[in-house]
Amino acid sequence: MASSPNPLLETLDSSELIICIGSGGVGKTTSSAALALLAALRGRKTLVLTIDPAKRLLQALGLHDDDLPANTPLEVFPRMTSALSHPEPGPFDLGTEKAGSLHAMMLDPEQGASLMVERLLPDKSVREEVLANRIYRALLPALSASPDLVALELIADLHRENNFDLIVLDTPPAHNTMDFLQAGQTFSNFINERVLKWFSRVPRKDSAHKRSIFRRGGSVAMSVLGRLFGAEILPDIAEFFYSFREVMPLMRERNEQTDALMRSDVTAFIAVTAPGATSLREAYHLRELLETEGLPFAGFVVNRVLQAPASLSDEETLQQLSEDLQGRLESTGVPTDQAENLAARVREGAKRLHFMDRADRTQVKELRKLAGDHAFCAVVPQMEHDIHVLDELRDLANQLVAGVTEAA
Amino acid sequence: MRNLLDRHILLVTGKGGVGKSTVALTLARRAARDGKKVLLIEFESVSRAGPLFGLDQAPAEATTVEPGLDLMGFDLLYSLHFFAVDQLKLKALVKMALRNDSVRGFFLAMPAIKSILFLYHLYRLEAAHGTEGDGRWDLIVCDMPTSGFVAGLYGVPAMVGQIFRIGPLAKTAEGMGKLLFDPLKTGVVLVTLPEEMPVVETIELRNALRQKHGIDTAAIVVNGVYPTLIESAEMTALSEAVGTGEAGDDNGVDGMLWAAQVLRGRSERAAQLLPQLRRAAGGRLIELPHLFKRHLPLSAIDELADVVDQSTRKR
């Protein structure tokens, strides 16, 4: 297959931003780390950005300290070169000699939110006003529960800074993909000139500013807000929005840039999925979502596929094999009744796995069809334990690429 | 111990991919089978239970899908309308205001708005508990997103209270808090798989809920426990047997060994992890078997509901 280009390798070699999407529990974080490592081993300077990775994976990346600095790129490779058992090229990597680098970064949304305010509001007195505002302080923990915006802002910044050839983003697990994709738009729906205008009719507590924003008149919006929130709280809310008055154009500009980046051809969306009827529906949903939003879809990664040996392909063969097994057990001295009983149990187990395997094959076929000619579908077999050393991550990455070309 | 299903609200959560939806539906159907009037609320937009009842989506308004069981999908905009009309009592004004793109956009963009509106809606639905007529349920089972969201939900009453120190919303926040923190009314059900990382994280979450919010987990459900089909000693006999025969004799019998190894490995790992889960759950562990299916039809949910029955009556 070496002659025909592998679309996953092309994505790894040419993208500047890879965004891994998909619901939780499908192995998204591990896939992101594996793809980033492979890109690094193919010579690129790579960063993987993740939220709350499993301890085992951190260990594999050589990052087992509990108090690692968040929102800071931490070097994994070449620092961890010695953790790889061999320097020679793998099936799809170029080996350690020609490798670029890999950094990993853990996202801390709450700290990230503070940093974002800091960047948005360079003026110290305005910033302190926001940070002291009780609305902001009450909302800050809420931001940590929805890290979408912070993650999005961070990758846009990192991409702008241009210290890495490729950034791989493992999207936040807690929320759905749509929320993530629209985080920027959502934020500007919340803080914008229009909203500021509603609140400009509220007299502020600080009388020095009173004349600048106090105007007469009312609107439906204000009427609803006033009734809903109570008049007492409006000055605090007004204050909060007022603090952002000068940076609104800047925010909009950043927002537009982030949006353009996500749509550009240097970006690739990879949908990570797993076997199961629900996951398949989710995959259809994601594919459609990207299409409607006009976002570049690169392909699917299908984790945890059973991939049973070919001999377990039908019940008739299973029957024959179990008889064969019984014979072999007897020939090693196992009494007939025990051999029969054990072989029957193995057959029963193999039959159950066979049904799961058949379902998986059908699903993979369907996903390959859904991917179409322009996107890939990389199938990864179920692993029987968590990844905990870098070698395993490298093997997984190579398997991922191999899983693209394998027949369905 | 009080029966899990006698609470008014169950918040079913856990790490992604552990089968939260399966467990939520199983608990809901189990309770409905016991004669309770049950509402299942799905939080995520892609409905899991809906297709089993011939629905593409979970409806925004509670809809009966089978005797005793109603289904509802959390819809942010619907809940916003519900909230605004409920608070203002001025349907026309709310309608007019929310028809405006920027007003609607503003509300839907507020930080934590999903948690706030979800909790509010739940609070209002629960208020009808014990009354007569439509729109009252004995049990509301919530199929929640990942555990981080539920931990966040417990912070909502304090947050809303902090913003609205006085007035009707401050009172609402107090009511929501009372409901959420009343162990007789609301229970958190943590779902896990018998695998190392999910188990570790489940125990961590249980501890965090207790330490941060003083919440005692109502039950831990371990989903997909592989039965022990093959004993450890038998594996040696199998490897030896498959090793016999002539070299190059490739009739595929090693596929049987593969199957035995996979099954043995998984049941062994489950057996190793169950004791610590049982300790953490303090007798409130529900063990659901692996059904070897990639798609669980209603008949499979019934099988699981039978197991729940056994484990809730054991006590």
# chains A, B, ... in the order shown; residues from 1 in each chain; ligands from 1
$ closest_atom_pairs --of "chain B" --to "chain A" --cutoff "6 Å" --atoms "only C-alpha atoms" --output "tab-separated table"
residue	atom	partner	partner_atom	distance
B:Gly16	CA	A:Gly24	CA	3.9
B:Gly17	CA	A:Gly25	CA	4.1
B:Ala97	CA	A:Val220	CA	5.9
B:Gly105	CA	A:Asn189	CA	5.3
B:Phe106	CA	A:Phe190	CA	4.7
B:Ala109	CA	A:Thr186	CA	5.1
B:Ala112	CA	A:Ala142	CA	5.2
B:Thr146	CA	A:Ala174	CA	5.5
B:Met159	CA	A:Ala138	CA	5.6
B:Ala241	CA	A:Leu329	CA	4.9
B:Gly252	CA	A:Ser311	CA	5.0
B:Val253	CA	A:Leu321	CA	5.6
B:Gly255	CA	A:Pro309	CA	5.6
B:Ala259	CA	A:Ala350	CA	5.2
B:Ala260	CA	A:Val346	CA	5.9
B:Phe292	CA	A:Arg352	CA	5.9
B:Arg294	CA	A:Gly276	CA	4.5
B:His295	CA	A:Ala277	CA	5.3
$ residues_around --residues "Leu4 (chain B)" --least-positions-apart "4" --cutoff "10 Å" --atoms "only C-alpha atoms" --output "PDB file with C-alpha atoms, in the first residue's frame"
ATOM      1  CA  HIS B   8     -38.390  11.379  43.749  1.00  0.00           C
ATOM      2  CA  ILE B   9     -35.404  12.067  41.536  1.00  0.00           C
ATOM      3  CA  LEU B  10     -32.468   9.962  40.397  1.00  0.00           C
ATOM      4  CA  LEU B  27     -34.140   1.947  36.452  1.00  0.00           C
ATOM      5  CA  ALA B  31     -39.906   1.441  38.654  1.00  0.00           C
ATOM      6  CA  LEU B 184     -34.814  11.286  50.680  1.00  0.00           C
ATOM      7  CA  THR B 186     -32.799  13.187  45.262  1.00  0.00           C
ATOM      8  CA  GLY B 187     -30.271  10.435  44.705  1.00  0.00           C
ATOM      9  CA  VAL B 188     -27.110  10.356  42.593  1.00  0.00           C
ATOM     10  CA  VAL B 189     -26.496   7.082  40.798  1.00  0.00           C
ATOM     11  CA  ALA B 218     -27.406   6.670  46.410  1.00  0.00           C
ATOM     12  CA  ALA B 219     -26.056   3.729  44.433  1.00  0.00           C
ATOM     13  CA  ARG B 284     -25.396  -0.098  47.445  1.00  0.00           C
ATOM     14  CA  THR B 312     -32.764  -3.686  45.352  1.00  0.00           C
ATOM     15  CA  ARG B 313     -34.642  -6.327  47.318  1.00  0.00           C
TER      16      ARG B 313
END
$ residues_around --residues "Arg44 (chain A)" --least-positions-apart "5" --cutoff "8 Å" --atoms "only C-alpha atoms" --output "mmCIF file with N, CA and C atoms, in the first residue's frame"
data_model
loop_
_atom_site.group_PDB
_atom_site.id
_atom_site.type_symbol
_atom_site.label_atom_id
_atom_site.label_comp_id
_atom_site.auth_asym_id
_atom_site.auth_seq_id
_atom_site.Cartn_x
_atom_site.Cartn_y
_atom_site.Cartn_z
ATOM 1 N N ASP A 13 0.315 14.980 8.113
ATOM 2 C CA ASP A 13 1.460 15.699 7.560
ATOM 3 C C ASP A 13 1.143 17.128 7.135
ATOM 4 N N ALA A 39 2.504 12.152 14.430
ATOM 5 C CA ALA A 39 2.898 13.339 13.665
ATOM 6 C C ALA A 39 4.297 13.777 14.090
ATOM 7 N N ALA A 99 12.624 12.561 14.052
ATOM 8 C CA ALA A 99 11.421 13.037 14.732
ATOM 9 C C ALA A 99 11.447 14.537 14.986
ATOM 10 N N GLY A 100 10.283 15.106 15.040
ATOM 11 C CA GLY A 100 10.129 16.492 15.471
ATOM 12 C C GLY A 100 9.983 16.496 16.979
ATOM 13 N N SER A 101 8.950 17.154 17.478
ATOM 14 C CA SER A 101 8.765 17.168 18.927
ATOM 15 C C SER A 101 7.292 17.029 19.268
ATOM 16 N N ASP A 165 3.917 23.174 14.488
ATOM 17 C CA ASP A 165 3.448 22.902 13.124
ATOM 18 C C ASP A 165 2.009 22.398 13.165
ATOM 19 N N LEU A 166 1.732 21.617 14.224
ATOM 20 C CA LEU A 166 0.416 20.967 14.317
ATOM 21 C C LEU A 166 -0.085 20.992 15.763
#
$ select_by_dssp --residues "region 35-187 of chain A" --states "strand (DSSP E)" --output "list in words"
Lys45, Thr46, Leu47, Val48, Leu49, Thr50, Leu74, Glu75, Val76, Phe77, Ser101, Leu102, His103, Ala104, Met105, Met106, Leu166, Ile167, Val168, Leu169 and Asp170 of chain A
$ write_last_selection --atoms "C-alpha atoms" --output "CSV table (one decimal), in the first residue's frame"
chain,number,residue,atom,x,y,z
A,45,LYS,CA,6.5,20.0,15.9
A,46,THR,CA,3.3,18.9,17.6
A,47,LEU,CA,1.2,19.9,20.5
A,48,VAL,CA,-1.7,17.9,22.0
A,49,LEU,CA,-4.2,19.8,24.1
A,50,THR,CA,-6.4,17.8,26.4
A,74,LEU,CA,5.1,20.4,28.6
A,75,GLU,CA,7.7,18.6,26.5
A,76,VAL,CA,7.1,14.9,26.0
A,77,PHE,CA,9.3,14.2,23.1
A,101,SER,CA,8.8,17.2,18.9
A,102,LEU,CA,5.7,16.5,21.0
A,103,HIS,CA,4.3,18.7,23.7
A,104,ALA,CA,1.3,18.0,25.8
A,105,MET,CA,-0.9,20.7,27.5
A,106,MET,CA,-3.6,20.2,30.1
A,166,LEU,CA,0.4,21.0,14.3
A,167,ILE,CA,-2.0,21.3,17.2
A,168,VAL,CA,-4.2,18.3,18.1
A,169,LEU,CA,-7.2,19.2,20.2
A,170,ASP,CA,-9.0,16.6,22.3
$ atom_distance --atom1 "CA of Asn223 (chain B)" --atom2 "CA of Asp306 (chain B)"
13.9 Å
$ select_by_dssp --residues "region 7-120 of chain A" --states "alpha helix (DSSP H)" --output "VMD selection string"
chain A and resid 7 to 14 28 to 41 55 to 60 109 to 120
$ write_last_selection --atoms "C-alpha atoms" --output "compact mmCIF listing (two decimals), in the first residue's frame"
# COMPACT_ATOMS: atom_id res chain seq x y z
CA PRO A 7 -5.38 9.85 3.77
CA LEU A 8 -4.77 9.73 7.53
CA LEU A 9 -1.04 10.25 7.01
CA GLU A 10 -1.79 13.10 4.64
CA THR A 11 -3.94 14.68 7.32
CA LEU A 12 -1.17 14.28 9.90
CA ASP A 13 1.46 15.70 7.56
CA SER A 14 -0.39 18.68 6.18
CA LYS A 28 -10.86 10.26 22.13
CA THR A 29 -8.05 11.34 24.45
CA THR A 30 -5.93 8.29 23.68
CA SER A 31 -6.51 8.66 19.93
CA SER A 32 -5.56 12.35 20.09
CA ALA A 33 -2.33 11.54 21.92
CA ALA A 34 -1.49 8.72 19.49
CA LEU A 35 -2.09 10.91 16.43
CA ALA A 36 0.02 13.70 17.92
CA LEU A 37 2.86 11.29 18.72
CA LEU A 38 2.79 9.87 15.21
CA ALA A 39 2.90 13.34 13.66
CA ALA A 40 5.88 14.10 15.89
CA LEU A 41 7.59 10.88 14.82
CA LYS A 55 -3.50 9.00 34.81
CA ARG A 56 -2.26 6.03 32.81
CA LEU A 57 -2.00 8.08 29.65
CA LEU A 58 -0.15 10.85 31.49
CA GLN A 59 2.22 8.21 32.76
CA ALA A 60 2.81 7.02 29.19
CA PRO A 109 -10.76 26.08 32.28
CA GLU A 110 -11.05 28.23 35.39
CA GLN A 111 -7.48 29.47 35.18
CA GLY A 112 -7.93 29.76 31.43
CA ALA A 113 -10.98 31.99 31.93
CA SER A 114 -8.96 34.35 34.12
CA LEU A 115 -6.17 34.44 31.55
CA MET A 116 -8.73 35.19 28.86
CA VAL A 117 -10.05 38.18 30.78
CA GLU A 118 -6.49 39.29 31.31
CA ARG A 119 -5.79 39.21 27.58
CA LEU A 120 -9.08 40.81 26.65
$ residues_around --residues "region 126-129 of chain B" --least-positions-apart "6" --cutoff "8 Å" --atoms "only C-alpha atoms" --output "count of residues only"
7
$ residues_around --residues "Glu201 (chain B)" --least-positions-apart "3" --cutoff "10 Å" --atoms "only C-alpha atoms" --output "PyMOL selection string"
(chain A and resi 54) or (chain B and resi 14-15+147+192+196-198+204-207)
$ atom_distance --atom1 "CA of Asn341 (chain A)" --atom2 "CA of Thr228 (chain B)"
14.3 Å
$ closest_residue --among "A:Leu280, A:Glu315, A:Gly184, A:Asp67" --to "Arg252 (chain A)" --atoms "only C-alpha atoms"
A:Gly184
$ closest_residue --among "B:Ala208, B:Ala32, B:Leu288, B:Val308" --to "Val225 (chain B)" --atoms "only C-alpha atoms"
B:Leu288
$ atom_distance --atom1 "CA of Asp143 (chain B)" --atom2 "CA of Asn3 (chain B)"
19.2 Å
